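Asks: So I've got this file, entry_15.txt, and it contains compact mmCIF, C-alpha atoms:
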```txt
# COMPACT_ATOMS: atom_id res chain seq x y z
CA MET A 216 139.98 26.70 111.06
CA SER A 217 136.64 27.53 112.60
CA LEU A 218 138.34 27.50 116.02
CA VAL A 219 140.59 30.38 114.96
CA ARG A 220 137.54 32.18 113.62
CA ASP A 221 135.67 31.74 116.91
CA LEU A 222 138.73 32.94 118.78
CA THR A 223 139.25 36.13 116.80
CA ASN A 224 135.55 36.88 116.47
CA GLY A 225 135.28 38.59 119.85
CA ILE A 226 138.47 40.59 119.55
CA TYR A 227 137.48 42.84 116.67
CA ARG A 228 134.63 41.73 114.41
CA GLU A 229 132.12 41.27 117.24
CA ASN A 230 133.92 43.11 120.01
CA PRO A 231 131.48 42.86 122.93
CA VAL A 232 131.82 46.49 123.98
CA PHE A 233 132.47 48.47 120.81
CA LYS A 234 130.33 46.46 118.42
CA LEU A 235 127.66 44.74 120.52
CA ALA A 236 127.45 47.34 123.35
CA LEU A 237 127.32 44.66 126.05
CA GLY A 238 128.81 44.86 129.52
CA MET A 239 128.69 48.64 129.62
CA CYS A 240 128.36 49.07 133.38
CA PRO A 241 131.66 47.54 134.51
CA PHE A 242 133.26 48.88 131.34
CA LEU A 243 132.50 52.49 132.24
CA ALA A 244 132.91 52.12 135.98
CA VAL A 245 136.25 50.40 136.46
CA THR A 246 138.23 52.08 133.69
CA THR A 247 139.57 54.82 135.97
CA SER A 248 142.99 53.15 135.79
CA VAL A 249 144.65 50.60 133.54
CA GLU A 250 145.38 48.41 136.56
CA ASN A 251 141.67 48.18 137.44
CA ALA A 252 140.82 47.49 133.80
CA ILE A 253 143.23 44.56 133.62
CA GLY A 254 141.97 43.18 136.94
CA MET A 255 138.34 43.41 135.88
CA GLY A 256 139.15 41.97 132.46
CA ALA A 257 140.96 39.01 133.96
CA ALA A 258 138.12 38.31 136.40
CA ALA A 259 135.44 38.53 133.72
CA THR A 260 137.47 36.42 131.27
CA PHE A 261 137.95 33.70 133.87
CA VAL A 262 134.23 33.59 134.63
CA LEU A 263 133.42 33.66 130.92
CA ILE A 264 135.73 30.74 130.11
CA CYS A 265 134.47 28.60 133.00
CA SER A 266 130.79 29.31 132.35
CA ASN A 267 131.07 28.77 128.60
CA PHE A 268 132.87 25.48 129.28
CA LEU A 269 130.22 24.18 131.69
CA VAL A 270 127.25 25.43 129.68
CA SER A 271 128.64 23.84 126.54
CA LEU A 272 129.43 20.59 128.36
CA PHE A 273 125.90 20.30 129.76
CA ARG A 274 124.13 21.78 126.76
CA ASN A 275 122.26 18.55 126.07
CA LEU A 276 121.38 17.94 129.71
CA ILE A 277 119.88 21.30 130.73
CA PRO A 278 116.17 21.45 129.86
CA SER A 279 115.61 24.51 127.73
CA LYS A 280 112.79 25.83 129.93
CA VAL A 281 115.00 26.36 132.96
CA ARG A 282 118.20 27.12 131.10
CA ILE A 283 118.49 30.79 132.11
CA PRO A 284 118.32 30.09 135.88
CA CYS A 285 120.85 27.27 135.36
CA TYR A 286 123.23 29.62 133.55
CA ILE A 287 122.85 32.24 136.24
CA VAL A 288 123.69 29.74 138.98
CA ILE A 289 126.73 28.49 137.04
CA ILE A 290 127.94 32.06 136.49
CA ALA A 291 127.26 33.10 140.09
CA THR A 292 129.31 30.14 141.37
CA PHE A 293 132.40 31.22 139.47
CA VAL A 294 131.89 34.87 140.40
CA THR A 295 131.84 33.89 144.07
CA LEU A 296 135.05 31.94 143.48
CA VAL A 297 136.74 34.96 141.87
CA ASP A 298 135.45 37.20 144.66
CA MET A 299 136.97 35.00 147.37
CA VAL A 300 140.29 34.43 145.61
CA MET A 301 140.71 38.12 144.84
CA ASN A 302 139.81 39.10 148.38
CA ALA A 303 142.48 36.73 149.72
CA TYR A 304 145.37 37.42 147.33
CA LEU A 305 144.73 40.88 145.82
CA PRO A 306 142.91 42.82 148.55
CA ASP A 307 143.79 46.26 147.10
CA LEU A 308 142.38 45.42 143.68
CA HIS A 309 139.37 43.82 145.37
CA ARG A 310 138.71 47.05 147.23
CA SER A 311 139.01 49.29 144.19
CA LEU A 312 136.75 47.10 142.03
CA GLY A 313 134.36 46.86 144.98
CA ILE A 314 130.74 46.24 144.09
CA PHE A 315 131.56 45.45 140.47
CA ILE A 316 132.96 42.01 141.33
CA PRO A 317 129.62 40.57 142.47
CA LEU A 318 128.05 42.43 139.55
CA ILE A 319 129.98 40.26 137.07
CA VAL A 320 126.98 37.94 137.53
CA VAL A 321 124.73 40.33 135.62
CA ASN A 322 127.35 41.23 133.02
CA CYS A 323 125.38 40.75 129.82
CA ILE A 324 128.45 39.50 127.93
CA ILE A 325 128.69 36.33 130.00
CA LEU A 326 125.00 35.42 129.95
CA GLY A 327 124.85 36.52 126.32
CA ARG A 328 127.64 34.14 125.27
CA ALA A 329 126.15 31.27 127.29
CA GLU A 330 122.77 31.79 125.63
CA GLY A 331 123.98 32.88 122.21
CA PHE A 332 126.97 30.62 121.63
CA ALA A 333 127.88 27.98 124.23
CA ASN A 334 124.48 26.29 124.35
CA ARG A 335 124.72 25.15 120.76
CA HIS A 336 128.41 24.74 120.03
CA PRO A 337 130.91 22.04 121.05
CA VAL A 338 133.17 22.54 124.06
CA LEU A 339 136.34 23.53 122.18
CA ASN A 340 134.61 26.16 120.06
CA SER A 341 132.91 27.56 123.16
CA LEU A 342 136.25 27.83 124.94
CA ALA A 343 137.74 29.63 121.94
CA ASP A 344 134.78 31.98 121.83
CA ALA A 345 135.08 32.69 125.57
CA VAL A 346 138.80 33.47 125.30
CA GLY A 347 138.19 35.74 122.30
CA MET A 348 135.32 37.60 123.93
CA GLY A 349 137.22 37.93 127.22
CA VAL A 350 140.31 39.28 125.49
CA GLY A 351 138.15 41.64 123.41
CA PHE A 352 136.44 42.94 126.55
CA THR A 353 139.77 43.38 128.34
CA LEU A 354 141.40 45.15 125.38
CA ALA A 355 138.44 47.50 125.06
CA MET A 356 138.68 48.34 128.76
CA ILE A 357 142.44 48.91 128.49
CA ILE A 358 141.89 51.33 125.58
CA LEU A 359 139.38 53.48 127.48
CA ALA A 360 141.35 53.20 130.74
CA SER A 361 144.53 54.33 128.98
CA PHE A 362 142.86 57.55 127.84
CA ARG A 363 141.28 58.16 131.21
CA GLU A 364 144.37 57.46 133.31
CA LEU A 365 146.67 59.38 130.98
CA LEU A 366 144.45 62.46 130.75
CA GLY A 367 143.15 62.42 134.29
CA ASN A 368 146.27 61.49 136.20
CA GLY A 369 149.20 61.78 133.80
CA THR A 370 150.18 58.14 134.34
CA TRP A 371 149.82 54.82 132.50
CA LEU A 372 149.69 51.65 134.61
CA ASN A 373 151.02 53.78 137.50
CA ILE A 374 154.09 54.79 135.44
CA ASN A 375 154.49 58.54 135.26
CA VAL A 376 154.26 59.56 131.60
CA LEU A 377 153.32 63.20 131.35
CA GLY A 378 155.50 64.47 134.17
CA PRO A 379 154.81 66.45 137.35
CA SER A 380 153.98 69.70 135.55
CA TYR A 381 150.96 68.00 133.97
CA GLN A 382 150.03 66.26 137.19
CA ASN A 383 149.72 69.60 138.96
CA GLN A 384 146.78 70.44 136.72
CA PRO A 385 145.50 67.29 135.05
CA LEU A 386 142.29 67.03 133.05
CA LEU A 387 140.48 65.76 136.12
CA ILE A 388 137.17 65.27 134.35
CA ALA A 389 138.58 62.31 132.40
CA ILE A 390 138.84 60.24 135.56
CA LEU A 391 135.48 61.37 136.94
CA ALA A 392 132.21 59.87 135.73
CA PRO A 393 131.51 62.28 132.80
CA GLY A 394 134.91 61.53 131.27
CA ALA A 395 133.96 57.89 130.78
CA PHE A 396 130.79 58.76 128.86
CA ILE A 397 132.39 61.45 126.72
CA LEU A 398 135.57 59.52 125.86
CA LEU A 399 133.54 56.41 125.02
CA GLY A 400 131.32 58.51 122.76
CA PHE A 401 134.37 59.72 120.83
CA ILE A 402 135.91 56.23 120.66
CA LEU A 403 132.66 54.81 119.24
CA GLY A 404 132.56 57.68 116.74
CA PHE A 405 136.14 56.88 115.72
CA PHE A 406 135.16 53.23 115.15
CA ASN A 407 132.24 54.39 113.00
CA ILE A 408 134.61 56.38 110.78
CA LEU A 409 136.98 53.41 110.59
CA GLU A 410 134.13 51.15 109.56
CA LYS A 411 132.99 53.57 106.87
CA ARG A 412 136.51 53.89 105.45
CA ARG A 413 136.82 50.13 105.33
CA GLY A 414 133.41 49.69 103.67
CA GLY A 415 134.22 52.42 101.14
CA GLY A 416 137.57 50.83 100.23
CA GLY A 417 136.01 47.45 99.61
CA GLN A 418 133.52 48.64 97.06
CA MET B 290 111.26 35.50 168.68
CA THR B 291 108.43 37.84 169.60
CA PRO B 292 107.20 40.34 167.04
CA ALA B 293 108.60 43.24 169.08
CA THR B 294 112.13 41.85 169.25
CA LEU B 295 111.95 40.83 165.60
CA LEU B 296 111.04 44.39 164.69
CA SER B 297 113.90 45.81 166.69
CA THR B 298 116.35 43.38 165.03
CA LEU B 299 115.05 44.41 161.64
CA LEU B 300 115.54 48.07 162.38
CA SER B 301 118.91 47.85 164.02
CA ALA B 302 120.63 44.59 163.06
CA PRO B 303 123.81 45.44 161.18
CA GLU B 304 124.07 49.04 162.31
CA THR B 305 126.41 49.60 165.21
CA GLY B 306 125.60 52.66 167.29
CA SER B 307 122.39 54.31 166.20
CA SER B 308 119.54 51.88 166.48
CA SER B 309 116.49 53.50 164.96
CA PHE B 310 115.64 56.10 162.37
CA ASP B 311 117.44 59.37 162.12
CA LEU B 312 115.57 61.77 159.88
CA GLY B 313 118.67 63.77 158.99
CA ARG B 314 120.55 60.64 157.97
CA MET B 315 117.56 59.50 155.94
CA MET B 316 117.46 62.79 154.04
CA ALA B 317 121.18 62.48 153.40
CA ILE B 318 120.68 58.97 152.00
CA ILE B 319 117.83 60.12 149.77
CA ILE B 320 119.71 63.11 148.33
CA ALA B 321 122.87 61.06 147.88
CA ALA B 322 121.05 58.27 146.06
CA ILE B 323 119.05 60.51 143.74
CA PHE B 324 121.53 63.27 142.92
CA VAL B 325 125.06 62.95 144.28
CA ASN B 326 125.66 59.28 143.55
CA ASN B 327 123.04 58.95 140.84
CA PHE B 328 122.93 55.28 139.91
CA VAL B 329 123.28 55.81 136.19
CA LEU B 330 125.32 58.97 135.83
CA SER B 331 127.78 58.54 138.64
CA ARG B 332 127.82 54.90 139.70
CA PHE B 333 127.37 53.47 136.18
CA LEU B 334 124.70 50.98 137.20
CA GLY B 335 121.90 50.14 134.78
CA ILE B 336 123.55 51.55 131.66
CA CYS B 337 121.98 48.93 129.36
CA PRO B 338 118.33 49.93 129.97
CA PHE B 339 119.48 53.55 130.15
CA LEU B 340 120.60 53.33 126.54
CA GLY B 341 118.09 50.75 125.34
CA VAL B 342 114.83 52.13 126.69
CA SER B 343 115.52 55.86 126.51
CA LYS B 344 114.33 56.41 122.97
CA GLN B 345 110.78 57.32 123.97
CA LEU B 346 109.42 59.12 126.98
CA ASP B 347 106.54 56.70 127.63
CA SER B 348 108.66 53.59 127.74
CA ALA B 349 111.24 55.41 129.88
CA ILE B 350 108.59 56.18 132.49
CA GLY B 351 107.31 52.57 132.37
CA MET B 352 110.79 51.16 132.81
CA GLY B 353 111.50 53.56 135.66
CA ALA B 354 108.33 52.54 137.49
CA ALA B 355 109.12 48.85 137.04
CA VAL B 356 112.66 49.37 138.35
CA ILE B 357 111.51 51.29 141.46
CA PHE B 358 108.98 48.54 142.18
CA VAL B 359 111.34 45.59 141.75
CA MET B 360 114.22 47.38 143.47
CA THR B 361 112.17 47.92 146.62
CA LEU B 362 110.95 44.31 146.69
CA ALA B 363 114.42 42.95 145.93
CA THR B 364 115.92 44.99 148.74
CA LEU B 365 113.30 43.73 151.15
CA GLY B 366 113.98 40.12 150.10
CA SER B 367 117.75 40.27 149.91
CA TRP B 368 118.22 42.22 153.13
CA THR B 369 115.99 39.82 155.07
CA VAL B 370 117.62 36.70 153.67
CA TYR B 371 121.13 38.06 154.23
CA ASN B 372 120.68 39.28 157.80
CA LEU B 373 118.24 36.70 159.13
CA LEU B 374 119.49 33.64 157.25
CA LEU B 375 122.98 33.95 155.81
CA VAL B 376 124.60 35.86 158.69
CA PRO B 377 123.34 33.61 161.53
CA MET B 378 124.28 30.50 159.55
CA GLU B 379 127.68 31.95 158.58
CA LEU B 380 126.99 31.49 154.90
CA THR B 381 127.70 35.05 153.84
CA TYR B 382 129.88 33.83 150.96
CA LEU B 383 126.67 32.68 149.27
CA ARG B 384 125.56 36.30 149.01
CA THR B 385 125.95 36.73 145.27
CA ILE B 386 124.20 33.47 144.38
CA ALA B 387 121.41 34.04 146.91
CA PHE B 388 120.75 37.61 145.75
CA ILE B 389 120.61 36.83 142.05
CA LEU B 390 118.24 33.93 142.69
CA ILE B 391 116.03 36.13 144.87
CA ILE B 392 115.90 38.81 142.17
CA ALA B 393 115.24 36.34 139.35
CA SER B 394 112.45 34.56 141.18
CA LEU B 395 110.99 37.85 142.41
CA VAL B 396 110.80 39.22 138.88
CA GLN B 397 109.09 36.02 137.74
CA LEU B 398 106.65 36.20 140.64
CA VAL B 399 105.82 39.86 140.07
CA GLU B 400 105.25 39.12 136.41
CA MET B 401 102.84 36.28 137.20
CA ILE B 402 100.95 38.25 139.85
CA LEU B 403 100.59 41.30 137.62
CA GLN B 404 99.40 39.19 134.72
CA LYS B 405 96.72 37.63 136.90
CA PHE B 406 95.48 40.59 138.90
CA SER B 407 96.27 43.72 136.95
CA PRO B 408 96.40 43.17 133.21
CA THR B 409 96.58 46.91 132.52
CA LEU B 410 99.65 47.35 134.69
CA TYR B 411 101.07 44.16 133.21
CA GLN B 412 100.66 45.56 129.73
CA ALA B 413 102.43 48.73 130.78
CA LEU B 414 105.32 47.10 132.65
CA GLY B 415 105.27 43.61 131.11
CA ILE B 416 107.91 43.96 128.45
CA PHE B 417 110.35 45.59 130.86
CA LEU B 418 110.13 43.01 133.62
CA PRO B 419 112.26 40.22 132.05
CA LEU B 420 114.93 42.79 131.23
CA ILE B 421 115.13 43.78 134.87
CA THR B 422 116.64 40.48 136.03
CA THR B 423 119.91 41.35 134.35
CA ASN B 424 119.73 45.02 135.27
CA CYS B 425 122.79 45.51 137.41
CA ALA B 426 121.16 48.39 139.29
CA ILE B 427 118.91 45.92 141.15
CA LEU B 428 121.69 43.61 142.28
CA GLY B 429 123.84 46.70 142.81
CA VAL B 430 121.48 48.30 145.32
CA ALA B 431 121.08 44.99 147.17
CA VAL B 432 124.86 44.59 147.50
CA LEU B 433 125.42 48.26 148.35
CA ASN B 434 122.91 48.12 151.20
CA ILE B 435 124.83 45.22 152.72
CA ASP B 436 128.21 46.87 152.17
CA GLU B 437 127.03 50.12 153.74
CA LYS B 438 125.60 48.16 156.70
CA TYR B 439 122.23 49.92 156.43
CA ASN B 440 119.37 48.62 158.57
CA LEU B 441 116.16 47.57 156.85
CA GLY B 442 114.58 51.02 157.04
CA TYR B 443 117.57 52.79 155.52
CA SER B 444 117.95 50.03 152.93
CA LEU B 445 114.39 50.47 151.71
CA VAL B 446 114.74 54.25 151.62
CA ASN B 447 118.01 53.88 149.72
CA ALA B 448 116.40 51.48 147.24
CA ILE B 449 113.44 53.74 146.52
CA ALA B 450 115.65 56.80 146.18
CA ALA B 451 118.06 54.93 143.90
CA GLY B 452 115.10 53.88 141.76
CA ILE B 453 113.90 57.48 141.58
CA GLY B 454 117.40 58.59 140.60
CA PHE B 455 117.47 55.96 137.86
CA THR B 456 114.06 57.05 136.58
CA LEU B 457 115.10 60.71 136.65
CA ALA B 458 118.19 60.02 134.54
CA LEU B 459 116.20 57.80 132.16
CA VAL B 460 113.39 60.32 131.66
CA LEU B 461 115.81 63.23 131.16
CA MET B 462 117.73 61.16 128.65
CA ALA B 463 114.56 60.16 126.78
CA GLY B 464 113.50 63.80 126.50
CA LEU B 465 116.92 64.79 125.19
CA ARG B 466 117.04 61.93 122.71
CA GLN B 467 113.65 62.83 121.25
CA LYS B 468 115.05 66.28 120.49
CA LEU B 469 118.27 64.75 119.26
CA GLU B 470 116.39 62.87 116.53
CA LEU B 471 115.87 66.17 114.76
CA ALA B 472 119.32 67.60 115.46
CA ASP B 473 122.03 67.84 112.85
CA VAL B 474 124.58 65.40 114.25
CA PRO B 475 127.88 64.63 112.46
CA PRO B 476 127.31 61.31 110.65
CA ALA B 477 130.11 59.52 112.49
CA LEU B 478 128.52 60.32 115.86
CA LYS B 479 124.94 59.35 114.95
CA GLY B 480 123.20 56.89 117.25
CA LYS B 481 125.13 55.51 120.24
CA PRO B 482 128.16 57.85 120.23
CA VAL B 483 126.08 60.99 120.55
CA ALA B 484 123.95 59.32 123.23
CA PHE B 485 127.10 58.78 125.27
CA LEU B 486 128.20 62.38 124.72
CA VAL B 487 124.81 63.62 125.93
CA ALA B 488 125.03 61.31 128.93
CA GLY B 489 128.46 62.75 129.66
CA VAL B 490 127.15 66.30 129.64
CA MET B 491 124.30 65.28 131.93
CA SER B 492 126.81 63.59 134.19
CA ILE B 493 128.78 66.86 134.38
CA ALA B 494 125.58 68.59 135.47
CA PHE B 495 125.07 65.98 138.18
CA LEU B 496 128.65 66.52 139.37
CA GLY B 497 127.36 69.89 140.54
CA PHE B 498 125.44 68.09 143.27
CA ALA B 499 128.65 66.73 144.80
CA GLY B 500 128.96 67.84 148.39
CA LEU B 501 125.21 68.12 148.87
CA GLY B 502 124.09 66.10 151.87
CA GLY B 503 127.55 64.52 152.27
```
Take the structure from the file and write it as structure tokens.
Replies:
Amino acid sequence: MSLVRDLTNGIYRENPVFKLALGMCPFLAVTTSVENAIGMGAAATFVLICSNFLVSLFRNLIPSKVRIPCYIVIIATFVTLVDMVMNAYLPDLHRSLGIFIPLIVVNCIILGRAEGFANRHPVLNSLADAVGMGVGFTLAMIILASFRELLGNGTWLNINVLGPSYQNQPLLIAILAPGAFILLGFILGFFNILEKRRGGGGQ
Amino acid sequence: MTPATLLSTLLSAPETGSSSFDLGRMMAIIIAAIFVNNFVLSRFLGICPFLGVSKQLDSAIGMGAAVIFVMTLATLGSWTVYNLLLVPMELTYLRTIAFILIIASLVQLVEMILQKFSPTLYQALGIFLPLITTNCAILGVAVLNIDEKYNLGYSLVNAIAAGIGFTLALVLMAGLRQKLELADVPPALKGKPVAFLVAGVMSIAFLGFAGLGG
């Protein structure tokens, strides 16, 4: 029962991006296309699952004074792994994500879950939490990337949706840097309204 | 290795072609790092402190100073370790781990030194230093310098300019947010959403620098 709760926690109730505002840098930077968003989400989820697993497994062995450096080394190991695998098998994706692959190391979601959840919960719960948080992060990126790719390029996952007449004069700003900030601002505002509605209905 | 040859390796190592400083190139790097590819508003590095520490002007300036300081030191450390240790030993795949360890230990060291020798500065920067370890702008500039194959001189210039760009964005944002406190914002957009909208408008302004300095 609590496993299901841990799993779904990260997807909506404590969504890392929309609710906790963690992992903003890769979130804003790689959401220029849905393809990049899925790639980044998969990479971060993999690292999150592996690091949560190891941190939880060794939670009684790591002295609490040096725990943060230990977590960072664990995370960095898996990031290096992802970096190498992606470079070998998905070179195009690797190129378009660029600097943000090594930067998964400093993604606050991963260190935050290691410190905030995995170091005091059993292995299974930590795995469930990692999957939930990873999926929540990926879904959030797909939402923003969908808006940006659709408005800025007229496509969704490289499938032409809005037709060539739109693509001749797309809303280019959506795919440039300001579009990420502005669209995220509106999405967060939308979530605020949703929250208020929900709170109002319950009372 | 004699000091002279060491110096020439430092200044030319990864760069093919031009071996020493080129003032025009340096200016281009500085303008690009501060305005065109501003770390926060165009590269999306360091968003967390940008949102977290931009509520007051004083703390924004303190954070900016701490970031410039650590960024320069981290670049010095990471560039040296990468080009003089990892490349000759063919261990370049350890880059990410090495860099994050360098940054983490550097931040710790700076914190200890400041606490011992300059308590006033420590009080000003102290609370920001631990946050800096997980600031992706620091690791970002270290990785970018390697990817761009800058020599040590260009790397340091790039790091300082990137830090100045970060501080500029942070200070501008803090000034705007202080005004925003008194503004009549729609209730749904209060807090973070309106901060992102303001950042977006600032980012549009910085788009105007595109093309400057190539």
Asks: Could you tell me which residues of chain A sit within 9 Å of chain B when counting only C-alpha atoms, and give me the result as number ranges by chain?
Replies: A: 236-244, 284, 287-288, 290-292, 294-295, 299, 314-315, 317-323, 326, 388, 391-408, 411
Asks: Emit the selected residues as a PDB file, in the frame of the given file, including C-alpha atoms.
Replies:
```
ATOM      1  CA  ALA A 236     127.450  47.340 123.350  1.00  0.00           C
ATOM      2  CA  LEU A 237     127.320  44.660 126.050  1.00  0.00           C
ATOM      3  CA  GLY A 238     128.810  44.860 129.520  1.00  0.00           C
ATOM      4  CA  MET A 239     128.690  48.640 129.620  1.00  0.00           C
ATOM      5  CA  CYS A 240     128.360  49.070 133.380  1.00  0.00           C
ATOM      6  CA  PRO A 241     131.660  47.540 134.510  1.00  0.00           C
ATOM      7  CA  PHE A 242     133.260  48.880 131.340  1.00  0.00           C
ATOM      8  CA  LEU A 243     132.500  52.490 132.240  1.00  0.00           C
ATOM      9  CA  ALA A 244     132.910  52.120 135.980  1.00  0.00           C
ATOM     10  CA  PRO A 284     118.320  30.090 135.880  1.00  0.00           C
ATOM     11  CA  ILE A 287     122.850  32.240 136.240  1.00  0.00           C
ATOM     12  CA  VAL A 288     123.690  29.740 138.980  1.00  0.00           C
ATOM     13  CA  ILE A 290     127.940  32.060 136.490  1.00  0.00           C
ATOM     14  CA  ALA A 291     127.260  33.100 140.090  1.00  0.00           C
ATOM     15  CA  THR A 292     129.310  30.140 141.370  1.00  0.00           C
ATOM     16  CA  VAL A 294     131.890  34.870 140.400  1.00  0.00           C
ATOM     17  CA  THR A 295     131.840  33.890 144.070  1.00  0.00           C
ATOM     18  CA  MET A 299     136.970  35.000 147.370  1.00  0.00           C
ATOM     19  CA  ILE A 314     130.740  46.240 144.090  1.00  0.00           C
ATOM     20  CA  PHE A 315     131.560  45.450 140.470  1.00  0.00           C
ATOM     21  CA  PRO A 317     129.620  40.570 142.470  1.00  0.00           C
ATOM     22  CA  LEU A 318     128.050  42.430 139.550  1.00  0.00           C
ATOM     23  CA  ILE A 319     129.980  40.260 137.070  1.00  0.00           C
ATOM     24  CA  VAL A 320     126.980  37.940 137.530  1.00  0.00           C
ATOM     25  CA  VAL A 321     124.730  40.330 135.620  1.00  0.00           C
ATOM     26  CA  ASN A 322     127.350  41.230 133.020  1.00  0.00           C
ATOM     27  CA  CYS A 323     125.380  40.750 129.820  1.00  0.00           C
ATOM     28  CA  LEU A 326     125.000  35.420 129.950  1.00  0.00           C
ATOM     29  CA  ILE A 388     137.170  65.270 134.350  1.00  0.00           C
ATOM     30  CA  LEU A 391     135.480  61.370 136.940  1.00  0.00           C
ATOM     31  CA  ALA A 392     132.210  59.870 135.730  1.00  0.00           C
ATOM     32  CA  PRO A 393     131.510  62.280 132.800  1.00  0.00           C
ATOM     33  CA  GLY A 394     134.910  61.530 131.270  1.00  0.00           C
ATOM     34  CA  ALA A 395     133.960  57.890 130.780  1.00  0.00           C
ATOM     35  CA  PHE A 396     130.790  58.760 128.860  1.00  0.00           C
ATOM     36  CA  ILE A 397     132.390  61.450 126.720  1.00  0.00           C
ATOM     37  CA  LEU A 398     135.570  59.520 125.860  1.00  0.00           C
ATOM     38  CA  LEU A 399     133.540  56.410 125.020  1.00  0.00           C
ATOM     39  CA  GLY A 400     131.320  58.510 122.760  1.00  0.00           C
ATOM     40  CA  PHE A 401     134.370  59.720 120.830  1.00  0.00           C
ATOM     41  CA  ILE A 402     135.910  56.230 120.660  1.00  0.00           C
ATOM     42  CA  LEU A 403     132.660  54.810 119.240  1.00  0.00           C
ATOM     43  CA  GLY A 404     132.560  57.680 116.740  1.00  0.00           C
ATOM     44  CA  PHE A 405     136.140  56.880 115.720  1.00  0.00           C
ATOM     45  CA  PHE A 406     135.160  53.230 115.150  1.00  0.00           C
ATOM     46  CA  ASN A 407     132.240  54.390 113.000  1.00  0.00           C
ATOM     47  CA  ILE A 408     134.610  56.380 110.780  1.00  0.00           C
ATOM     48  CA  LYS A 411     132.990  53.570 106.870  1.00  0.00           C
TER      49      LYS A 411
END
```
Asks: Counting all atoms listed in the file, what is within 9 Å of Ala355 (chain B), bar same-chain residues fewer than 3 positions away, as a ChimeraX atom specification?
Replies: /B:350-352,358-360,414-415,417-418,421
Asks: Provide the CA of Ser311 (chain A) to CA of Val297 (chain A) distance in Å, to one decimal place.
Replies: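 Pair CA of Ser311 (chain A) / CA of Val297 (chain A) returns 14.7 Å.
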Asks: Kindly give the distance, in Å, that separates CA of Gly254 (chain A) and CA of Leu308 (chain A), rounded to a single decimal.
Replies: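 One can read the CA of Gly254 (chain A) to CA of Leu308 (chain A) distance as 7.1 Å.
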Asks: Taking (149.6, 54.4, 127.5) in the file's own coordinates, collect the residues within 9 Å, counting all atoms listed in the file, and hand them back as a ChimeraX atom specification.
Replies: /A:249,358,360-362,364-365,370-372,376
Asks: Give me the residues within 6 Å of region 346-349 of chain A as a ChimeraX atom specification, counting all atoms listed in the file and dropping any in the same chain fewer than 4 places off.
Replies: /A:222-223,225-226,260
Asks: Hey, which of B:Ala349, B:Ala321, B:Leu380, B:Met315 ends up closest to Gly454 (chain B)? Count all atoms listed in the file.
Replies: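 That would be B:Ala321, the residue with the smallest distance to Gly454 (chain B).
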Asks: What is the distance, in Å and to one decimal place, between CA of Ala303 (chain A) and CA of Tyr286 (chain A)?
Replies: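 Here the two named atoms are 26.1 Å from each other.
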Asks: Starting from the point (115.9, 60.5, 120.9), work out which residues of protein, DNA or RNA have an atom no more than 7 Å away when counting all atoms listed in the file; state them as a ChimeraX atom specification.
Replies: /B:344-345,463-470
Asks: As a PyMOL selection string, please: the residues near Asn224 (chain A) (cut-off 12 Å, only C-alpha atoms, same-chain neighbours under 6 positions excluded).
Replies: chain A and resi 217-218+230-231+234-235+332+340-341+343-352
Asks: Rank B:Gln412, B:Asn326, B:Gln397, B:Ser407 by their smallest atom-to-atom distance to Ala363 (chain B), using all atoms listed in the file, and report the top residue only.
Replies: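 Residue with the minimum atom-to-atom distance to Ala363 (chain B): B:Gln397.
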Asks: Between A:Leu305, A:Cys285, A:Ile324, A:Ala252, which is the closest to Leu269 (chain A) once you count all atoms listed in the file?
Replies: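 Selected residue with least distance to Leu269 (chain A): A:Cys285.
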